[in-house]
Structures are given as C-alpha cells and as structure tokens.
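K.L.:
This is the structure I have questions about; it appears just below.
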Amino acid sequence: MHGIGNDYIYFDCFKNQISNPEQLSKKLSDRHFYIGGDGVILLCPSEIADCKMRMFNADGSEGKMCGNGIRCVGKLARDLGYVDGDKCTVETLSGIKTLHFDFDEKGKVASAKVDMGRAELDGAKIPSVFSGKVISKPLSVEGREYNVTLVSMGNPHCVVFADPDGLDLEQIGKKFENHAAFPERINTEFVKVIARNELKMRVWERGSGETLACGTGACAVAVAAVLNGFCDKGKEILVHLLGGDLKIVYTDERVTMTGGATLSFVGDVELPAL
C-alpha cells in the first residue's frame, strides 16, 4: 500500500503474528532482492483503540509515527471489516490518532483526514541540543550554515527553507540525519515557498533515505512555514511532495492532514530466514 508514493509492506496481525519485524523490514524492504518498500507496517489489535500500528523503517528501526502509513492502516482496517463507519482510532507510539474516511464508488476507503495532535516545538523534546522554540536558527552542517526550524509530529523534523530542486539530498541528508545536534537522529525537509499557503518539499527520512512522501514531514513543514511567516495559521496549506499532494491545517490545538490511501496489491510472501 502507499500514501502518495510513500510505500510500505503491510501485514494483518489480527490473523498473523510477526515475531521479528525489525529483521523482516530490513529483508523485505530491499528493492533489488525482495518486494521492496520504505519499510514494514503491522496492523495489530489494540486494547485502547480500534487498532494499533507498528511501523519499521527499511533499516529495521521502529518509528513512533508515520503520517502516510496511518492513513493506509485505517484503510486496511476498514476495508477488512475490523472497524465500521467513517472513522477509526489508531494506537501508535505517539498516542492515539483519529482518522475520518472518504470512500470511493465501491465503498472502499480512498482518502483519510488524520488528527495528528499538537505540534511539539520545544527543541529539547524534539530531541535536540537546543531548548525552547527553534525557528530559523543557524546550524552548521559540513562547514555550511543553514537556518533550521525544528518541529516534532511524533517524529522529529528539521525544516530548511531552501530550493530542493537539484539538491544532492543523498549527500546532505545523511549529514543532517546523523548530526551531533540530534541525539536520536532527525528527518530533514528542504522546502520552497511556491505561493501563500503553497509549498514544495523533498524529504530525507532517518532510517529510509529519500522517500516520495512523508506525512509527518509535510505537517512539520506546514507548521514551520507558519512560524516563519510564509503561511497562515488555521488555513489549508497545500504541500507538494514528489509522490503527490497533502493538505495540512495547523492550529494551536492540532495539526490535521488529508491525503490518499492506495492499495497496490495483495499477495503471499515466503518469509526469508531472519
């Protein structure tokens, strides 16, 4: 399944138990020798929500949240009949998130609006070596100074307002991800302001590299754009990613994200030795 190109391999753990998802993600995410994907996501039962999501990056590390993935988790749970109606709650390592569905002509979930909760702006809680709000603060990376804005949406993000076109993201993304300022590594977005409330971004995700889209990253970019005066709080912000578009609204109380959820194919896999 994928959310605007951000593709994961999903397992229905209501029926199947996965004993070693970390190694499974490393194996199956390899695009040359296995199925290929940005990682693996497990749809699991929950005692406190309609279902639970566990997400693992391509390097086997577990992520606390995945904005594109949670929409697909909601679609999978609804389409398989584990939840009814036009909304569901999903337990994540970043808390319980609520999704509202839109349906296609066949009654399947086509897109979802996710309440992502409140944006975290305290640099110490991102976490980073900074404290308080970090808005357009200079950071030296490989001898070059960048102005960075830090936002956590369950996952930590470093937003840089610089034209992403032609950027060697493979080279600079790794430098940001493993910078000493971020003890738990960081996701980094490079952003161009297209117009008021319209942005274009590329993202380097910790543990996965460059991806076609990142839901929490798009949320963080919208928040950072408001904080830097490029977009309006409370208004819909259109964010263009390599894989498609997301619609974000940022208020003091919450950030909402709306985007598609697409089933690519269903099949069986013979699990490799882990």
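Each chain of the structure tokens is named A, B, ... in the order shown, its residues numbered from 1; ligands are numbered from 1 in display order.
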Fewer than 4 positions away in the same chain doesn't count, so skip those; otherwise give me all residues within 7 Å of range 112-129 of chain A, counting only C-alpha atoms, as a PyMOL selection string.

P.N.:
chain A and resi 71+97-102+133-134+150-153+156+181-184+253-260

K.L.:
May I have the residues from that selection written out with N, CA, C and O atoms, as an mmCIF file, in the first residue's frame?

P.N.:
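This went into again.cif:
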data_model
loop_
_atom_site.group_PDB
_atom_site.id
_atom_site.type_symbol
_atom_site.label_atom_id
_atom_site.label_comp_id
_atom_site.auth_asym_id
_atom_site.auth_seq_id
_atom_site.Cartn_x
_atom_site.Cartn_y
_atom_site.Cartn_z
ATOM 1 N N ARG A 71 -2.750 6.464 7.390
ATOM 2 C CA ARG A 71 -3.928 6.507 6.522
ATOM 3 C C ARG A 71 -4.178 5.139 5.890
ATOM 4 O O ARG A 71 -5.321 4.688 5.785
ATOM 5 N N LYS A 97 -4.478 8.286 17.489
ATOM 6 C CA LYS A 97 -4.839 9.222 16.437
ATOM 7 C C LYS A 97 -6.209 8.849 15.871
ATOM 8 O O LYS A 97 -6.539 7.664 15.752
ATOM 9 N N THR A 98 -6.995 9.863 15.514
ATOM 10 C CA THR A 98 -8.328 9.656 14.950
ATOM 11 C C THR A 98 -8.329 9.970 13.469
ATOM 12 O O THR A 98 -7.811 11.006 13.038
ATOM 13 N N LEU A 99 -8.907 9.062 12.677
ATOM 14 C CA LEU A 99 -8.993 9.213 11.222
ATOM 15 C C LEU A 99 -10.455 9.321 10.798
ATOM 16 O O LEU A 99 -11.317 8.627 11.352
ATOM 17 N N HIS A 100 -10.723 10.167 9.806
ATOM 18 C CA HIS A 100 -12.037 10.272 9.168
ATOM 19 C C HIS A 100 -11.867 9.915 7.698
ATOM 20 O O HIS A 100 -10.977 10.432 7.020
ATOM 21 N N PHE A 101 -12.748 9.034 7.187
ATOM 22 C CA PHE A 101 -12.578 8.459 5.862
ATOM 23 C C PHE A 101 -13.457 9.127 4.810
ATOM 24 O O PHE A 101 -14.566 9.571 5.089
ATOM 25 N N ASP A 102 -12.957 9.139 3.565
ATOM 26 C CA ASP A 102 -13.753 9.365 2.365
ATOM 27 C C ASP A 102 -13.686 8.082 1.546
ATOM 28 O O ASP A 102 -12.652 7.417 1.511
ATOM 29 N N LYS A 133 11.732 27.200 21.546
ATOM 30 C CA LYS A 133 11.404 27.163 20.125
ATOM 31 C C LYS A 133 12.648 27.399 19.276
ATOM 32 O O LYS A 133 13.429 28.312 19.552
ATOM 33 N N VAL A 134 12.810 26.581 18.261
ATOM 34 C CA VAL A 134 13.940 26.707 17.342
ATOM 35 C C VAL A 134 13.369 27.117 15.987
ATOM 36 O O VAL A 134 12.893 26.276 15.213
ATOM 37 N N LEU A 150 12.770 23.518 13.945
ATOM 38 C CA LEU A 150 12.560 22.171 14.451
ATOM 39 C C LEU A 150 11.113 21.980 14.899
ATOM 40 O O LEU A 150 10.550 22.813 15.614
ATOM 41 N N VAL A 151 10.535 20.861 14.474
ATOM 42 C CA VAL A 151 9.155 20.511 14.819
ATOM 43 C C VAL A 151 9.091 19.005 15.011
ATOM 44 O O VAL A 151 9.677 18.242 14.232
ATOM 45 N N SER A 152 8.373 18.561 16.044
ATOM 46 C CA SER A 152 8.092 17.135 16.182
ATOM 47 C C SER A 152 6.595 16.899 16.015
ATOM 48 O O SER A 152 5.778 17.588 16.616
ATOM 49 N N MET A 153 6.261 15.923 15.160
ATOM 50 C CA MET A 153 4.879 15.469 14.996
ATOM 51 C C MET A 153 4.783 13.998 15.397
ATOM 52 O O MET A 153 4.133 13.196 14.754
ATOM 53 N N PRO A 156 10.736 13.438 14.813
ATOM 54 C CA PRO A 156 11.458 14.712 14.825
ATOM 55 C C PRO A 156 11.789 15.192 13.412
ATOM 56 O O PRO A 156 12.216 14.420 12.559
ATOM 57 N N ALA A 181 23.790 17.460 16.752
ATOM 58 C CA ALA A 181 22.736 18.240 17.405
ATOM 59 C C ALA A 181 21.481 17.425 17.670
ATOM 60 O O ALA A 181 20.610 17.851 18.445
ATOM 61 N N PHE A 182 21.393 16.214 17.050
ATOM 62 C CA PHE A 182 20.173 15.417 17.152
ATOM 63 C C PHE A 182 20.504 14.023 17.689
ATOM 64 O O PHE A 182 20.890 13.130 16.929
ATOM 65 N N PRO A 183 20.376 13.826 18.977
ATOM 66 C CA PRO A 183 20.821 12.573 19.604
ATOM 67 C C PRO A 183 20.066 11.330 19.142
ATOM 68 O O PRO A 183 20.592 10.219 19.264
ATOM 69 N N GLU A 184 18.859 11.496 18.608
ATOM 70 C CA GLU A 184 18.097 10.347 18.119
ATOM 71 C C GLU A 184 17.934 10.390 16.601
ATOM 72 O O GLU A 184 17.034 9.798 16.042
ATOM 73 N N GLU A 253 -4.105 23.979 18.637
ATOM 74 C CA GLU A 253 -4.600 22.762 19.282
ATOM 75 C C GLU A 253 -4.156 21.486 18.573
ATOM 76 O O GLU A 253 -3.932 20.460 19.200
ATOM 77 N N ARG A 254 -4.038 21.539 17.228
ATOM 78 C CA ARG A 254 -3.756 20.310 16.482
ATOM 79 C C ARG A 254 -3.279 20.632 15.076
ATOM 80 O O ARG A 254 -3.405 21.765 14.602
ATOM 81 N N VAL A 255 -2.778 19.566 14.432
ATOM 82 C CA VAL A 255 -2.454 19.609 13.010
ATOM 83 C C VAL A 255 -3.273 18.501 12.341
ATOM 84 O O VAL A 255 -3.273 17.361 12.808
ATOM 85 N N THR A 256 -3.993 18.845 11.280
ATOM 86 C CA THR A 256 -4.718 17.829 10.525
ATOM 87 C C THR A 256 -4.086 17.664 9.158
ATOM 88 O O THR A 256 -3.581 18.610 8.566
ATOM 89 N N MET A 257 -4.126 16.432 8.670
ATOM 90 C CA MET A 257 -3.522 16.078 7.390
ATOM 91 C C MET A 257 -4.522 15.272 6.584
ATOM 92 O O MET A 257 -5.119 14.314 7.106
ATOM 93 N N THR A 258 -4.728 15.639 5.318
ATOM 94 C CA THR A 258 -5.653 14.924 4.438
ATOM 95 C C THR A 258 -4.910 14.463 3.193
ATOM 96 O O THR A 258 -4.199 15.243 2.557
ATOM 97 N N GLY A 259 -5.079 13.180 2.858
ATOM 98 C CA GLY A 259 -4.420 12.641 1.671
ATOM 99 C C GLY A 259 -4.930 11.258 1.343
ATOM 100 O O GLY A 259 -5.716 10.661 2.091
ATOM 101 N N GLY A 260 -4.482 10.729 0.214
ATOM 102 C CA GLY A 260 -4.953 9.449 -0.277
ATOM 103 C C GLY A 260 -4.344 8.256 0.444
ATOM 104 O O GLY A 260 -3.311 8.358 1.113
#

K.L.:
Hey, what does DSSP flag as alpha helix (DSSP H) within range 148-191 of chain A? Can you give it to me as a ChimeraX atom specification?

P.N.:
/A:169-177

K.L.:
List the spatial neighbours of Glu236 in chain A as a short mmCIF file (atom, residue, chain, number, x, y, z; two decimals) with C-alpha atoms, in the first residue's frame - criterion: any atom at most 12 Å away, only C-alpha atoms, same-chain residues fewer than 4 positions off excluded.

P.N.:
data_model
loop_
_atom_site.label_atom_id
_atom_site.label_comp_id
_atom_site.auth_asym_id
_atom_site.auth_seq_id
_atom_site.Cartn_x
_atom_site.Cartn_y
_atom_site.Cartn_z
CA ARG A 196 1.00 31.94 0.11
CA ASN A 197 -0.11 28.65 1.72
CA GLU A 198 1.53 26.54 -1.01
CA LEU A 199 4.83 24.71 -0.54
CA CYS A 219 2.87 18.52 8.73
CA ALA A 222 3.43 23.47 7.23
CA VAL A 223 3.98 24.30 10.90
CA VAL A 226 3.54 29.36 9.61
CA CYS A 231 1.74 30.54 5.54
CA ASP A 232 -1.35 31.31 7.62
CA LEU A 246 -1.14 16.66 1.03
CA LYS A 247 -3.46 19.22 2.61
CA ILE A 248 -2.42 20.44 6.06
CA VAL A 249 -4.13 22.72 8.59
CA TYR A 250 -2.16 23.94 11.62
CA THR A 251 -3.75 25.44 14.73
CA VAL A 255 -2.45 19.61 13.01
CA THR A 256 -4.72 17.83 10.53
CA MET A 257 -3.52 16.08 7.39
CA THR A 258 -5.65 14.92 4.44
#

K.L.:
Per residue of range 124-216 of chain A within 9 Å of range 6-17 of chain A, what are the shortest atom pair and its distance in Å to one decimal, counting only C-alpha atoms, with rows by chain and residue number, as a tab-separated table?

P.N.:
residue	atom	partner	partner_atom	distance
A:Thr211	CA	A:Asn6	CA	6.4
A:Leu212	CA	A:Asn6	CA	5.6
A:Ala213	CA	A:Asn6	CA	5.1
A:Cys214	CA	A:Asn6	CA	6.7
A:Gly215	CA	A:Asn6	CA	8.7

K.L.:
According to DSSP computed on the backbone, where in range 70-274 of chain A is there strand (DSSP E)? Give the residues as a VMD selection string.

P.N.:
chain A and resid 87 to 92 95 to 103 109 to 115 137 to 141 144 to 152 156 to 161 187 to 195 198 to 205 209 to 211 236 to 241 244 to 250 255 to 260

K.L.:
Hey, what's within 9 Å of range 51-60 of chain A if we count only C-alpha atoms and toss same-chain stuff fewer than 3 positions away? As a PyMOL selection string, please?

P.N.:
chain A and resi 8+21-30+37-48+63-66+69-70+73-74+77+82-83+88-93+96+206-209

K.L.:
Between CA of Trp204 in chain A and CA of Phe33 in chain A, what distance in Å does the model show, to one decimal?

P.N.:
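CA of Phe33 in chain A lies 22.8 Å from CA of Trp204 in chain A.
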
K.L.:
How many Å separate CA of Asp168 in chain A from CA of Leu241 in chain A?

P.N.:
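Distance reported for this atom pair: 16.4 Å.
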
K.L.:
Interatomic distance between CA of Leu139 in chain A and CA of His179 in chain A?

P.N.:
9.9 Å

K.L.:
Pick out the residues sitting within 7 Å of range 188-195 of chain A, and hand them over as a PyMOL selection string; count only C-alpha atoms, and ignore anything fewer than 3 positions along from it in its own chain.

P.N.:
chain A and resi 157-164+173+176+198-205+217
